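Below: coords_34.txt (compact mmCIF, C-alpha atoms and all ligand atoms)
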# COMPACT_ATOMS: atom_id res chain seq x y z
CA MET F 1 -3.62 -0.41 4.47
CA LYS F 2 -3.71 -0.68 0.70
CA THR F 3 -0.36 -0.65 -0.98
CA GLY F 4 -0.77 -1.62 -4.62
CA SER F 5 2.21 -1.19 -6.89
CA GLY F 6 2.05 2.58 -6.97
CA SER F 7 -0.60 5.15 -7.57
CA GLU F 8 -1.77 4.05 -11.00
CA ASN F 9 -4.98 2.55 -9.68
CA LEU F 10 -6.07 5.72 -7.99
CA ASN F 11 -8.37 8.01 -9.84
CA LEU F 12 -6.98 11.35 -8.78
CA ASP F 13 -7.57 14.81 -10.10
CA ALA F 14 -3.92 15.68 -10.62
CA GLY F 15 -3.17 12.29 -12.15
CA GLN F 16 -0.60 11.33 -9.53
CA LEU F 17 -0.80 10.78 -5.78
CA SER F 18 2.05 13.05 -4.69
CA LEU F 19 0.87 15.88 -6.96
CA ASP F 20 -2.59 15.50 -5.56
CA PHE F 21 -1.13 15.86 -2.09
CA ALA F 22 0.88 18.93 -3.14
CA ASN F 23 -2.38 20.45 -4.39
CA THR F 24 -4.02 20.37 -0.97
CA MET F 25 -3.17 24.06 -0.71
CA GLY F 26 -5.29 26.25 -2.98
CA TRP F 27 -3.79 29.19 -4.92
CA HIS F 28 -0.45 27.66 -4.10
CA ALA F 29 1.61 29.98 -6.30
CA SER F 30 -0.12 33.16 -5.12
CA GLU F 31 0.61 35.59 -2.30
CA HIS F 32 -2.46 34.30 -0.48
CA PRO F 33 -2.54 30.50 -0.59
CA VAL F 34 -5.60 28.78 0.86
CA GLU F 35 -4.93 25.93 3.27
CA LYS F 36 -7.24 22.95 2.91
CA LEU F 37 -5.68 20.77 5.60
CA HIS F 38 -6.16 22.29 9.03
CA SER F 39 -5.56 19.29 11.27
CA TYR F 40 -4.37 15.71 11.36
CA HIS F 41 -8.01 14.75 10.89
CA ASP F 42 -8.11 16.66 7.59
CA VAL F 43 -5.01 14.78 6.40
CA LEU F 44 -6.76 11.54 7.33
CA THR F 45 -9.88 12.55 5.44
CA TRP F 46 -7.79 13.35 2.37
CA SER F 47 -6.07 9.94 2.62
CA ALA F 48 -9.43 8.19 2.77
CA ASN F 49 -10.77 10.27 -0.14
CA VAL F 50 -7.90 9.25 -2.40
CA GLY F 51 -8.23 5.62 -1.35
CA LEU F 52 -5.04 5.22 0.68
CA ILE F 53 -6.93 4.01 3.72
CA THR F 54 -10.33 2.42 4.17
CA GLY F 55 -13.15 4.01 6.16
CA GLU F 56 -12.43 1.56 8.95
CA GLU F 57 -8.72 2.45 9.02
CA LYS F 58 -9.67 6.11 9.08
CA SER F 59 -11.86 5.56 12.15
CA GLN F 60 -9.07 3.62 13.88
CA LEU F 61 -6.48 6.28 13.13
CA SER F 62 -8.89 9.00 14.15
CA ARG F 63 -9.36 7.33 17.53
CA ALA F 64 -5.60 6.85 17.90
CA SER F 65 -4.99 10.50 17.06
CA LYS F 66 -7.36 11.61 19.80
CA SER F 67 -5.57 9.59 22.44
CA HIS F 68 -2.19 10.83 21.12
CA ALA F 69 -3.04 14.43 20.39
CA LYS F 70 0.51 15.73 20.70
CA GLN F 71 1.85 13.14 18.29
CA ALA F 72 -1.03 13.80 15.87
CA LEU F 73 -0.10 17.47 15.85
CA GLN F 74 3.54 16.57 15.12
CA VAL F 75 2.50 14.35 12.21
CA TYR F 76 0.24 17.12 10.93
CA ASN F 77 3.10 19.64 11.03
CA LYS F 78 5.37 17.15 9.32
CA SER F 79 2.74 16.54 6.62
CA ILE F 80 2.52 20.24 5.85
CA GLU F 81 6.31 20.67 5.84
CA LEU F 82 6.64 17.71 3.48
CA ARG F 83 3.84 18.94 1.23
CA GLU F 84 5.39 22.38 0.88
CA ALA F 85 8.81 20.89 0.12
CA LEU F 86 7.23 18.65 -2.53
CA TYR F 87 5.33 21.54 -4.02
CA ARG F 88 8.49 23.62 -4.30
CA ILE F 89 10.50 20.71 -5.74
CA PHE F 90 7.93 19.99 -8.46
CA SER F 91 7.29 23.68 -9.11
CA ALA F 92 11.00 24.33 -9.55
CA PHE F 93 11.15 21.49 -12.05
CA THR F 94 8.25 22.92 -14.07
CA MET F 95 10.21 26.21 -14.21
CA LYS F 96 13.42 24.37 -15.17
CA LYS F 97 15.05 25.49 -11.93
CA ARG F 98 17.19 23.58 -9.52
CA PRO F 99 15.30 22.53 -6.37
CA ASP F 100 16.46 23.94 -3.04
CA ALA F 101 18.85 21.62 -1.23
CA SER F 102 16.85 22.17 1.97
CA ASP F 103 13.67 20.92 0.26
CA LEU F 104 15.42 17.81 -1.02
CA GLU F 105 16.72 17.26 2.49
CA ILE F 106 13.21 17.42 3.97
CA PHE F 107 11.98 15.04 1.29
CA ASN F 108 14.86 12.57 1.63
CA LYS F 109 14.46 12.46 5.38
CA ALA F 110 10.81 11.51 4.91
CA LEU F 111 11.86 9.00 2.23
CA VAL F 112 14.27 7.19 4.55
CA GLU F 113 11.62 6.98 7.25
CA SER F 114 8.88 5.86 4.87
CA LEU F 115 10.85 3.23 3.01
CA SER F 116 12.08 1.72 6.26
CA HIS F 117 8.52 0.40 6.53
CA LEU F 118 8.39 -1.08 3.05
CA ARG F 119 8.44 -4.88 2.82
CA VAL F 120 7.86 -7.59 0.28
CA GLY F 121 5.10 -9.87 1.52
CA TYR F 122 3.73 -13.11 0.18
CA ASP F 123 0.10 -14.06 -0.09
CA ARG F 124 -1.71 -16.74 -2.10
CA GLY F 125 1.07 -17.43 -4.56
CA LYS F 126 1.99 -13.80 -5.10
CA PHE F 127 4.54 -11.33 -3.79
CA ARG F 128 3.35 -7.86 -3.02
CA TRP F 129 4.44 -4.61 -1.42
CA GLU F 130 3.42 -4.19 2.18
CA TRP F 131 3.91 -1.54 4.83
CA ALA F 132 5.21 -2.87 8.11
CA ASP F 133 4.22 -1.44 11.51
CA ALA F 134 1.33 0.41 9.91
CA LYS F 135 -1.15 -0.55 12.56
CA ASN F 136 -1.96 2.54 14.59
CA SER F 137 1.02 4.46 13.23
CA LEU F 138 -0.28 7.96 12.67
CA GLU F 139 2.42 8.58 10.06
CA GLN F 140 1.48 5.70 7.78
CA ILE F 141 -0.64 7.99 5.60
CA LEU F 142 2.54 9.78 4.46
CA TRP F 143 4.50 6.68 3.42
CA PRO F 144 2.74 5.95 0.09
CA VAL F 145 2.73 9.66 -0.76
CA VAL F 146 6.49 9.86 -0.27
CA ARG F 147 7.05 6.70 -2.26
CA SER F 148 4.86 7.97 -5.07
CA ALA F 149 6.81 11.26 -5.18
CA ALA F 150 10.15 9.42 -5.27
CA GLU F 151 8.90 7.25 -8.14
CA LEU F 152 7.64 10.23 -10.10
CA LEU F 153 10.88 12.18 -9.60
CA ASN F 154 12.79 9.24 -11.05
CA SER F 155 10.43 8.42 -13.91
CA GLU F 156 10.03 9.62 -17.48
CA ASP F 157 6.61 10.93 -16.44
CA LEU F 158 8.38 13.75 -14.63
CA GLU F 159 8.58 15.55 -17.98
CA ARG F 160 4.79 15.53 -18.00
CA VAL F 161 4.47 17.41 -14.72
CA GLY F 162 3.07 20.86 -15.31
CA ARG F 163 1.86 23.77 -13.25
CA CYS F 164 -1.25 25.80 -14.05
CA GLU F 165 -0.16 28.98 -15.83
CA ASP F 166 -3.03 31.04 -14.46
CA ASP F 167 -1.59 34.50 -13.72
CA ARG F 168 -3.44 34.87 -10.43
CA GLY F 169 -1.26 32.13 -8.91
CA CYS F 170 -3.52 29.07 -9.05
CA GLY F 171 -0.33 27.00 -9.14
CA TRP F 172 -2.08 23.64 -9.40
CA LEU F 173 0.26 20.79 -10.34
CA PHE F 174 -0.83 18.15 -12.84
CA LEU F 175 0.42 15.27 -14.93
CA ASP F 176 -0.07 16.24 -18.57
CA THR F 177 -1.39 13.13 -20.29
CA SER F 178 -2.28 14.94 -23.52
CA HIS F 179 -0.68 13.43 -26.60
CA ASN F 180 1.33 16.52 -27.55
CA ARG F 181 1.94 17.63 -23.95
CA THR F 182 0.27 20.94 -24.55
CA ARG F 183 -1.67 21.25 -21.33
CA ARG F 184 -1.24 24.64 -19.67
CA TRP F 185 -4.01 24.97 -17.14
CA CYS F 186 -5.42 22.99 -14.24
CA GLY F 187 -8.95 22.73 -15.51
CA THR F 188 -11.62 24.50 -17.42
CA SER F 189 -11.98 27.55 -15.19
CA CYS F 190 -8.38 28.81 -15.40
CA GLY F 191 -8.17 27.80 -19.07
CA ASN F 192 -11.40 29.56 -20.02
CA ARG F 193 -10.38 32.67 -18.13
CA ALA F 194 -7.07 32.81 -19.99
CA LYS F 195 -8.82 32.31 -23.33
CA VAL F 196 -11.36 35.05 -22.63
CA ARG F 197 -8.56 37.39 -21.61
CA SER F 198 -6.47 36.73 -24.70
CA PHE F 199 -9.59 37.16 -26.87
CA ARG F 200 -10.22 40.56 -25.25
CA GLU F 201 -6.59 41.55 -25.69
CA ARG F 202 -6.70 40.63 -29.35
CA ALA F 203 -10.00 42.52 -29.79
CA ARG F 204 -8.44 45.57 -28.12
CA ALA F 205 -5.41 45.37 -30.39
CA HIS F 206 -7.75 45.66 -33.37
CA ASP F 207 -9.50 48.81 -32.01
ZN ZN I 301 -5.50 26.78 -12.43
Show me the file's structure as structure tokens.
Ligand SMILES: [Zn+2]
Amino acid sequence: MKTGSGSENLNLDAGQLSLDFANTMGWHASEHPVEKLHSYHDVLTWSANVGLITGEEKSQLSRASKSHAKQALQVYNKSIELREALYRIFSAFTMKKRPDASDLEIFNKALVESLSHLRVGYDRGKFRWEWADAKNSLEQILWPVVRSAAELLNSEDLERVGRCEDDRGCGWLFLDTSHNRTRRWCGTSCGNRAKVRSFRERARAHD
């Protein structure tokens, strides 16, 4: 399993691994969110897509999940619980609100478990982060996500975390890398819609 020194090498839409994970529910801030992860296999596919595991590791974990279906379901439920807690924690921050203690508790529990697998290894003259006991552990896909969230929550980049302001409840989280930190929307579609609407409102005001 790839570890790297964080998520900086991953080319992700949201700009940060844990935000990308939090965005695996569509219309997250609306009354009718759209789930994109329906099974442990979907979580695995997402992990492979963002480069956390190789295709080979995905096949191995997929096989392991089939022979341990009950455990795979538990890890899936845990993934969703963790994702929702993360989403609420980051969302609260973007709204300058205090996160719920229960969400921090869910996150910290996952943090303790994840970091208990973190090791410093040594290979060819270099030290590097490694995850211990990863082989066949169905939960390993969550460890780097949790670590990435903990790092972001404790970094200056946290100030750059934003949530799409689309009024229909898009709710997509992103890392605002714009120079003046003026980003307000997830991408072009929500941004264009808001611009068209404000143009119409202005035009109406002039009627
Ligand atoms: Zn949006």
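For ligand ZN 301 (chain I), the neighbouring protein, DNA and RNA residues, which are those within 9 Å when only C-alpha atoms and all ligand atoms are counted, are Trp27, Arg163, Cys164, Glu165, Asp166, Asp167, Arg168, Gly169, Cys170, Gly171, Trp172, Leu173, Arg184, Trp185, Cys186, Gly187, Thr188, Ser189, Cys190 and Gly191 of chain F.
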Same residues, C-alpha atoms, output as a short mmCIF file (atom, residue, chain, number, x, y, z; two decimals), in the coordinates of the input:
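To be explicit, this is the file written out as part-v4.cif:
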data_model
loop_
_atom_site.label_atom_id
_atom_site.label_comp_id
_atom_site.auth_asym_id
_atom_site.auth_seq_id
_atom_site.Cartn_x
_atom_site.Cartn_y
_atom_site.Cartn_z
CA TRP F 27 -3.79 29.19 -4.92
CA ARG F 163 1.86 23.77 -13.25
CA CYS F 164 -1.25 25.80 -14.05
CA GLU F 165 -0.16 28.98 -15.83
CA ASP F 166 -3.03 31.04 -14.46
CA ASP F 167 -1.59 34.50 -13.72
CA ARG F 168 -3.44 34.87 -10.43
CA GLY F 169 -1.26 32.13 -8.91
CA CYS F 170 -3.52 29.07 -9.05
CA GLY F 171 -0.33 27.00 -9.14
CA TRP F 172 -2.08 23.64 -9.40
CA LEU F 173 0.26 20.79 -10.34
CA ARG F 184 -1.24 24.64 -19.67
CA TRP F 185 -4.01 24.97 -17.14
CA CYS F 186 -5.42 22.99 -14.24
CA GLY F 187 -8.95 22.73 -15.51
CA THR F 188 -11.62 24.50 -17.42
CA SER F 189 -11.98 27.55 -15.19
CA CYS F 190 -8.38 28.81 -15.40
CA GLY F 191 -8.17 27.80 -19.07
#
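The closest residue to Glu35 (chain F), picked from F:Arg83, F:Ser47, F:His68, F:Ala134 and counting only C-alpha atoms, is F:Arg83.
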Set the distance at 12 Å and use only C-alpha atoms: which residues neighbour Leu153 (chain F) once local chain neighbours fewer than 3 positions away are removed? I'd like the list as a count of residues only. 23
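Candidate residues F:Ser178, F:Asn154, F:Ile80, F:Lys135 were compared for distance to Lys58 (chain F), and the nearest is F:Lys135, using all atoms listed in the file.
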Give the padded box for region 76-91 of chain F as JSON: axis-aligned, covering all atoms listed in the file, 6 Å on each side, centre and edge lengths in Å to one decimal.
{"center_x": 5.4, "center_y": 20.1, "center_z": 1.0, "size_x": 22.3, "size_y": 19.1, "size_z": 32.1}
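Minimum distance to Leu17 (chain F) across F:Glu151, F:Asp123, F:Glu81, F:Asp103 (counting all atoms listed in the file) occurs at F:Glu151.
Nearest residue to Ser137 (chain F), choosing from F:Arg183, F:Asp100, F:Arg63, F:Arg193 and counting only C-alpha atoms: F:Arg63.
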Between CA of Asp133 (chain F) and CA of Glu105 (chain F), what is the distance in Å, rounded to a tenth? 24.2 Å
